[in-house]
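The file target_14.csv comes next; it holds CSV, C-alpha atoms and all ligand atoms.
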```csv
chain,number,residue,atom,x,y,z
A,1,MET,CA,69.9,-79.5,-17.4
A,2,GLU,CA,73.3,-80.3,-18.7
A,3,VAL,CA,74.7,-77.3,-20.6
A,4,LEU,CA,78.3,-78.5,-21.3
A,5,LYS,CA,79.9,-81.9,-21.8
A,6,VAL,CA,83.7,-82.2,-22.2
A,7,ASN,CA,84.5,-85.7,-23.4
A,8,ASN,CA,88.1,-87.0,-23.2
A,9,ILE,CA,89.7,-84.0,-24.9
A,10,LYS,CA,93.4,-83.9,-25.8
A,11,LYS,CA,95.4,-81.0,-27.1
A,12,THR,CA,99.0,-81.0,-28.3
A,13,TYR,CA,100.8,-78.0,-29.5
A,14,GLY,CA,103.9,-78.0,-31.7
A,15,GLU,CA,105.6,-80.7,-33.7
A,16,LYS,CA,108.1,-83.5,-32.9
A,17,GLU,CA,110.6,-82.6,-30.2
A,18,ASN,CA,108.8,-79.3,-29.5
A,19,GLN,CA,105.5,-81.0,-28.7
A,20,VAL,CA,103.6,-79.9,-25.6
A,21,HIS,CA,100.8,-82.1,-24.4
A,22,ALA,CA,98.7,-79.4,-23.0
A,23,LEU,CA,95.6,-81.5,-22.3
A,24,LYS,CA,95.9,-85.2,-21.9
A,25,GLY,CA,92.3,-86.5,-21.8
A,26,ILE,CA,89.9,-84.3,-19.8
A,27,SER,CA,86.2,-85.1,-19.2
A,28,PHE,CA,83.6,-83.4,-17.1
A,29,SER,CA,80.1,-82.1,-17.4
A,30,VAL,CA,78.4,-78.9,-16.2
A,31,GLU,CA,74.8,-78.1,-15.3
A,32,GLN,CA,73.1,-74.9,-16.4
A,33,GLY,CA,73.6,-72.3,-13.8
A,34,GLU,CA,76.7,-73.8,-12.1
A,35,PHE,CA,79.5,-71.5,-11.1
A,36,ILE,CA,82.7,-73.4,-11.5
A,37,ALA,CA,86.2,-72.5,-10.6
A,38,ILE,CA,89.1,-73.9,-12.6
A,39,VAL,CA,92.4,-73.9,-10.7
A,40,GLY,CA,95.9,-75.3,-11.4
A,41,THR,CA,99.4,-74.1,-11.6
A,42,SER,CA,100.8,-71.9,-14.4
A,43,GLY,CA,101.1,-74.0,-17.6
A,44,SER,CA,98.7,-76.7,-16.4
A,45,GLY,CA,96.3,-76.2,-19.4
A,46,LYS,CA,93.5,-73.9,-18.0
A,47,SER,CA,93.5,-71.4,-20.8
A,48,THR,CA,93.8,-74.2,-23.4
A,49,LEU,CA,90.7,-75.8,-21.9
A,50,LEU,CA,88.7,-72.5,-22.0
A,51,ASN,CA,89.8,-71.9,-25.6
A,52,LEU,CA,88.7,-75.3,-26.7
A,53,ILE,CA,85.3,-75.0,-24.9
A,54,GLY,CA,84.8,-71.6,-26.6
A,55,GLY,CA,85.6,-73.1,-30.0
A,56,LEU,CA,88.6,-70.8,-30.5
A,57,ASP,CA,90.8,-73.8,-31.1
A,58,THR,CA,90.1,-77.5,-31.8
A,59,PRO,CA,91.2,-80.5,-29.8
A,60,GLU,CA,92.8,-83.4,-31.8
A,61,LYS,CA,90.8,-85.9,-29.8
A,62,GLY,CA,87.5,-85.8,-27.8
A,63,GLU,CA,84.2,-83.9,-28.1
A,64,ILE,CA,82.8,-80.7,-26.7
A,65,ILE,CA,79.0,-80.6,-26.5
A,66,ILE,CA,77.4,-77.3,-25.7
A,67,ARG,CA,73.6,-77.2,-25.3
A,68,LYS,CA,73.4,-80.4,-27.3
A,69,HIS,CA,75.6,-79.1,-30.2
A,70,ASN,CA,78.9,-80.8,-30.9
A,71,ILE,CA,80.8,-77.7,-31.7
A,72,ALA,CA,83.2,-79.6,-34.0
A,73,CYS,CA,80.2,-80.2,-36.3
A,74,LEU,CA,79.5,-76.5,-36.8
A,75,ASN,CA,81.1,-74.7,-39.8
A,76,ARG,CA,83.0,-71.5,-39.2
A,77,LYS,CA,80.1,-69.2,-39.8
A,78,GLU,CA,77.8,-71.3,-37.7
A,79,LEU,CA,80.4,-71.4,-34.9
A,80,THR,CA,80.8,-67.7,-34.9
A,81,VAL,CA,77.1,-67.1,-34.6
A,82,PHE,CA,76.7,-69.9,-32.0
A,83,ARG,CA,79.6,-68.4,-29.9
A,84,ARG,CA,78.2,-64.9,-30.1
A,85,ARG,CA,74.8,-66.0,-29.0
A,86,ASN,CA,75.8,-68.5,-26.3
A,87,ILE,CA,79.2,-67.6,-24.9
A,88,GLY,CA,80.8,-64.6,-23.2
A,89,PHE,CA,84.6,-64.5,-23.0
A,90,VAL,CA,86.9,-62.8,-20.6
A,91,PHE,CA,90.4,-63.3,-21.9
A,92,GLN,CA,93.6,-63.2,-19.9
A,93,ASN,CA,94.9,-60.3,-22.0
A,94,TYR,CA,91.5,-58.5,-22.1
A,95,SER,CA,91.6,-58.1,-25.9
A,96,LEU,CA,89.7,-54.8,-25.9
A,97,MET,CA,89.4,-52.9,-29.2
A,98,PRO,CA,91.9,-50.0,-29.0
A,99,VAL,CA,89.9,-47.8,-31.4
A,100,LEU,CA,86.6,-48.1,-29.5
A,101,ASN,CA,85.8,-46.3,-26.3
A,102,ILE,CA,84.7,-48.3,-23.2
A,103,TYR,CA,81.0,-48.1,-23.9
A,104,ASP,CA,81.4,-49.3,-27.4
A,105,ASN,CA,83.7,-52.1,-26.4
A,106,VAL,CA,81.1,-53.3,-23.9
A,107,ALA,CA,78.3,-53.0,-26.4
A,108,LEU,CA,80.3,-54.7,-29.2
A,109,PRO,CA,79.0,-58.3,-28.9
A,110,VAL,CA,75.4,-56.9,-29.1
A,111,THR,CA,76.3,-54.5,-32.0
A,112,PHE,CA,77.7,-57.4,-33.9
A,113,ASP,CA,74.6,-59.5,-33.5
A,114,ARG,CA,72.3,-58.1,-36.2
A,115,GLY,CA,68.7,-58.4,-35.3
A,116,LYS,CA,69.4,-57.6,-31.7
A,117,HIS,CA,69.3,-54.0,-30.5
A,118,VAL,CA,71.6,-52.7,-27.8
A,119,ASP,CA,69.9,-52.7,-24.3
A,120,HIS,CA,71.4,-49.3,-23.2
A,121,LYS,CA,69.9,-49.5,-19.8
A,122,TYR,CA,71.5,-52.9,-19.1
A,123,ILE,CA,74.9,-51.8,-20.4
A,124,LYS,CA,74.6,-48.6,-18.3
A,125,ASP,CA,73.8,-50.8,-15.2
A,126,LEU,CA,76.8,-53.0,-15.9
A,127,LEU,CA,79.1,-50.1,-16.3
A,128,CYS,CA,77.8,-48.5,-13.1
A,129,GLU,CA,78.1,-51.7,-11.1
A,130,LEU,CA,81.6,-52.2,-12.3
A,131,GLY,CA,82.6,-48.6,-11.6
A,132,LEU,CA,83.2,-47.7,-15.2
A,133,TRP,CA,80.3,-45.3,-16.1
A,134,GLU,CA,82.5,-42.3,-15.7
A,135,LYS,CA,85.1,-43.9,-18.0
A,136,ARG,CA,82.6,-44.8,-20.7
A,137,LYS,CA,84.0,-42.3,-23.2
A,138,CYS,CA,87.7,-43.2,-22.6
A,139,PHE,CA,89.7,-45.5,-24.7
A,140,PRO,CA,91.2,-48.7,-23.3
A,141,ARG,CA,94.8,-47.3,-23.2
A,142,GLU,CA,93.6,-44.5,-20.9
A,143,LEU,CA,92.4,-47.1,-18.3
A,144,SER,CA,94.3,-49.0,-15.6
A,145,GLY,CA,94.8,-52.7,-15.9
A,146,GLY,CA,92.0,-53.4,-13.4
A,147,GLN,CA,89.6,-51.1,-15.2
A,148,GLN,CA,90.4,-52.7,-18.5
A,149,GLN,CA,89.8,-56.1,-16.9
A,150,ARG,CA,86.4,-54.9,-15.6
A,151,THR,CA,85.6,-53.6,-19.1
A,152,ALA,CA,86.3,-57.1,-20.6
A,153,LEU,CA,84.0,-58.6,-18.0
A,154,ALA,CA,81.2,-56.1,-18.8
A,155,ARG,CA,81.6,-57.0,-22.5
A,156,ALA,CA,81.3,-60.7,-21.7
A,157,LEU,CA,78.1,-60.1,-19.8
A,158,ALA,CA,76.6,-57.7,-22.4
A,159,ASN,CA,74.8,-60.4,-24.4
A,160,LYS,CA,73.5,-62.2,-21.3
A,161,PRO,CA,75.2,-65.4,-22.6
A,162,ALA,CA,74.2,-68.8,-21.3
A,163,ILE,CA,77.9,-69.6,-20.7
A,164,ILE,CA,80.7,-67.3,-19.5
A,165,LEU,CA,84.3,-68.4,-19.9
A,166,ALA,CA,86.4,-66.2,-17.7
A,167,ASP,CA,90.2,-66.5,-17.6
A,168,GLU,CA,91.3,-64.9,-14.3
A,169,PRO,CA,88.7,-62.1,-14.4
A,170,THR,CA,90.0,-60.9,-11.0
A,171,GLY,CA,93.7,-61.5,-11.6
A,172,ASN,CA,94.6,-57.8,-11.8
A,173,LEU,CA,92.2,-56.5,-9.2
A,174,ASP,CA,92.9,-55.7,-5.5
A,175,SER,CA,91.2,-58.1,-3.1
A,176,ARG,CA,88.2,-55.9,-2.4
A,177,THR,CA,87.4,-55.3,-6.0
A,178,ALA,CA,88.0,-59.0,-6.8
A,179,VAL,CA,85.3,-59.9,-4.2
A,180,GLU,CA,83.0,-57.3,-5.7
A,181,VAL,CA,83.5,-58.6,-9.2
A,182,MET,CA,83.0,-62.1,-8.0
A,183,GLY,CA,79.7,-60.9,-6.4
A,184,LEU,CA,78.6,-59.4,-9.7
A,185,LEU,CA,79.3,-62.6,-11.6
A,186,LYS,CA,77.4,-64.6,-9.0
A,187,ALA,CA,74.4,-62.3,-9.1
A,188,SER,CA,74.4,-62.3,-12.9
A,189,SER,CA,74.6,-66.1,-13.0
A,190,GLU,CA,71.7,-66.4,-10.6
A,191,LYS,CA,69.6,-63.8,-12.3
A,192,TYR,CA,70.0,-65.2,-15.8
A,193,ASN,CA,70.7,-68.8,-14.8
A,194,GLN,CA,74.1,-68.4,-16.5
A,195,THR,CA,76.9,-71.0,-16.3
A,196,ILE,CA,80.3,-69.7,-15.4
A,197,LEU,CA,83.7,-71.3,-15.8
A,198,MET,CA,86.2,-69.1,-14.1
A,199,VAL,CA,90.0,-69.7,-14.0
A,200,THR,CA,91.4,-68.3,-10.8
A,201,HIS,CA,94.6,-68.6,-8.7
A,202,ASN,CA,92.7,-67.3,-5.7
A,203,GLU,CA,91.8,-70.2,-3.4
A,204,ALA,CA,89.3,-68.2,-1.4
A,205,LEU,CA,87.4,-67.1,-4.5
A,206,ALA,CA,87.5,-70.7,-5.8
A,207,GLN,CA,86.0,-71.9,-2.5
A,208,ALA,CA,83.1,-69.5,-3.0
A,209,CYS,CA,82.1,-71.3,-6.2
A,210,ASP,CA,79.7,-74.2,-6.5
A,211,ARG,CA,82.4,-76.6,-7.6
A,212,ILE,CA,86.2,-76.6,-8.2
A,213,ILE,CA,87.8,-78.3,-11.1
A,214,ARG,CA,91.6,-78.8,-10.6
A,215,ILE,CA,93.9,-79.3,-13.5
A,216,GLU,CA,97.5,-80.4,-13.1
A,217,ASP,CA,99.8,-81.1,-16.1
A,218,GLY,CA,96.9,-81.4,-18.5
A,219,LYS,CA,94.8,-83.8,-16.4
A,220,LEU,CA,92.0,-83.5,-13.9
A,221,TYR,CA,93.5,-83.7,-10.5
A,222,GLY,CA,92.1,-85.3,-7.4
A,223,LYS,CA,88.4,-85.6,-6.5
A,224,GLU,CA,86.2,-82.7,-7.5
A,225,GLU,CA,85.2,-80.6,-4.7
A,226,THR,CA,81.7,-79.3,-4.1
A,227,GLY,CA,81.6,-75.9,-2.4
A,228,ILE,CA,78.7,-74.1,-1.0
A,229,GLY,CA,75.8,-73.5,-3.4
A,230,LYS,CA,74.2,-75.8,-5.9
A,231,GLY,CA,77.1,-78.2,-6.2
A,232,GLY,CA,77.1,-81.1,-8.6
A,233,ASP,CA,78.1,-84.7,-9.0
A,234,ALA,CA,79.1,-84.7,-12.6
A,235,VAL,CA,82.2,-86.3,-14.2
A,301,LIG,N1,99.8,-71.6,-28.8
A,301,LIG,C1,100.6,-72.4,-28.1
A,301,LIG,N2,101.7,-73.0,-28.7
A,301,LIG,C2,102.5,-73.8,-28.1
A,301,LIG,N3,102.4,-74.1,-26.8
A,301,LIG,C3,101.3,-73.6,-26.1
A,301,LIG,C4,100.4,-72.7,-26.7
A,301,LIG,N4,99.5,-72.3,-25.8
A,301,LIG,C5,99.9,-72.9,-24.7
A,301,LIG,N5,100.9,-73.7,-24.8
A,301,LIG,C6,101.6,-74.6,-23.8
A,301,LIG,O1,100.6,-75.4,-23.3
A,301,LIG,C7,100.7,-75.6,-21.9
A,301,LIG,C8,99.4,-75.1,-21.2
A,301,LIG,O2,99.2,-73.7,-21.4
A,301,LIG,P1,98.0,-72.9,-20.9
A,301,LIG,O3,98.1,-71.5,-21.5
A,301,LIG,O4,96.8,-73.6,-21.2
A,301,LIG,O5,98.3,-72.9,-19.3
A,301,LIG,P2,97.5,-72.1,-18.1
A,301,LIG,O6,97.1,-73.2,-17.2
A,301,LIG,O7,96.5,-71.2,-18.7
A,301,LIG,O8,98.7,-71.2,-17.4
A,301,LIG,P3,98.6,-69.8,-16.7
A,301,LIG,O9,98.1,-70.0,-15.4
A,301,LIG,O10,100.0,-69.4,-16.7
A,301,LIG,O11,97.8,-68.9,-17.6
A,301,LIG,C9,101.9,-74.7,-21.5
A,301,LIG,O12,103.0,-75.6,-21.4
A,301,LIG,C10,102.1,-73.8,-22.6
A,301,LIG,O13,103.4,-73.5,-22.8
A,302,MG,MG,96.2,-69.2,-18.7
```

Please express what this file holds, its structure, as structure tokens.
Amino acid sequence: MEVLKVNNIKKTYGEKENQVHALKGISFSVEQGEFIAIVGTSGSGKSTLLNLIGGLDTPEKGEIIIRKHNIACLNRKELTVFRRRNIGFVFQNYSLMPVLNIYDNVALPVTFDRGKHVDHKYIKDLLCELGLWEKRKCFPRELSGGQQQRTALARALANKPAIILADEPTGNLDSRTAVEVMGLLKASSEKYNQTILMVTHNEALAQACDRIIRIEDGKLYGKEETGIGKGGDAV
């Protein structure tokens, strides 16, 4: 089943002589359960793409269809609820809440979603698997960069979202921890049939994904590669 369709999206920042054409017409589609790596040099448009897919910003051209919803057709309130129910984010800058401890940061997306109760066992399992259980009562500023990054990842998984958008979730981790985190993401995606779009600069991690999408200068670059795993022939 197709979970995401990105149709010829364009995004320009700034005005007149300061304009940056961050995305110049990108199209692809993604099946439920696919684990996709997005690679490309710094400034090529990877974070812009994830922000648009997550509805945090709007493209001036093109459409983004998630689970049959054109996200441009949702009003702000609907979009907020849709995002919370369907999408987990891991941002490049972690964006943890400084006044909340690690446990509460991770539980936050669930706490926000009234009508759902926090699955303490699942959150405990996540924190244990990510080596954060001992740190659950600490505040983000008391954690290392890698620990904060793993907290952001746990938070993205807390809701068991259909789609996870992860902007370099392993960027600040040593190679062994990066491989472990990657394994956790893979296991989670298999267990809950989650779709993952992960930006990475690490070619070895990208090769371990089902498919690689390469972006260069705001455009898809080259032929898409299908790695081991499910693969796909979209575009
Ligand atoms: N809010 C913004 N205002 C103006 N220009 C922006 C903004 N965000 C990104 N850009 C520009 O758009 C282009 C794409 O940026 P983007 O952050 O998507 O790159 P990236 O591929 O994620 O890079 P990196 O690997 O360094 O994170 C860059 O030239 C960047 O300077
Ligand atoms: Mg980026």

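Minimum distance to ligand MG 302 (chain A) across A:Leu50, A:Leu127, A:Val106, A:Leu205 (counting all atoms listed in the file) occurs at A:Leu50.
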
Who sits within 12 Å of segment 166-177 of chain A, all atoms listed in the file, same chain under 4 positions skipped, as an MDAnalysis selection string: chainID A and resid 35:40 42 45:51 53:54 87:95 129:131 144:157 181:185 195:202 204:206

Point-to-point distance from atom CA of Ala72 of chain A to atom CA of Arg214 of chain A, Å rounded to tenths: 24.9 Å

12 Å contact set for Arg84 of chain A, all atoms listed in the file, chain neighbours under 5 positions out, as a count of residues only: 25

Atom-to-atom span, atom CA of Lys137 of chain A and atom CA of Lys121 of chain A, Å: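 The value is 16.2 Å.
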
Distance of atom CA of Ile213 of chain A from atom CA of Gly14 of chain A, expressed in Å to one decimal place: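 Distance between the two atoms: 26.1 Å.
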
Closest of A:Arg85, A:Val118, A:Ser188, A:Thr41 to ligand MG 302 (chain A) - atom-to-atom distances counting all atoms listed in the file: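 Among A:Arg85, A:Val118, A:Ser188, A:Thr41, it is A:Thr41 that comes nearest to ligand MG 302 (chain A).
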
Residue among A:Leu143, A:Gly218, A:Leu4, A:Ile64 lying closest to ligand LIG 301 (chain A), counting only C-alpha atoms and all ligand atoms: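 Of A:Leu143, A:Gly218, A:Leu4, A:Ile64, the one nearest ligand LIG 301 (chain A), counting only C-alpha atoms and all ligand atoms, is A:Gly218.
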
Residue contacts of Lys68 of chain A (12 Å, only C-alpha atoms) excluding same-chain residues fewer than 3 positions away, as a list of chain:residue names: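 Neighbouring residues, sequence-local ones excluded: A:Met1, A:Glu2, A:Val3, A:Leu4, A:Lys5, A:Val6, A:Glu63, A:Ile64, A:Ile65, A:Ile71, A:Ala72, A:Cys73, A:Leu74, A:Phe82.
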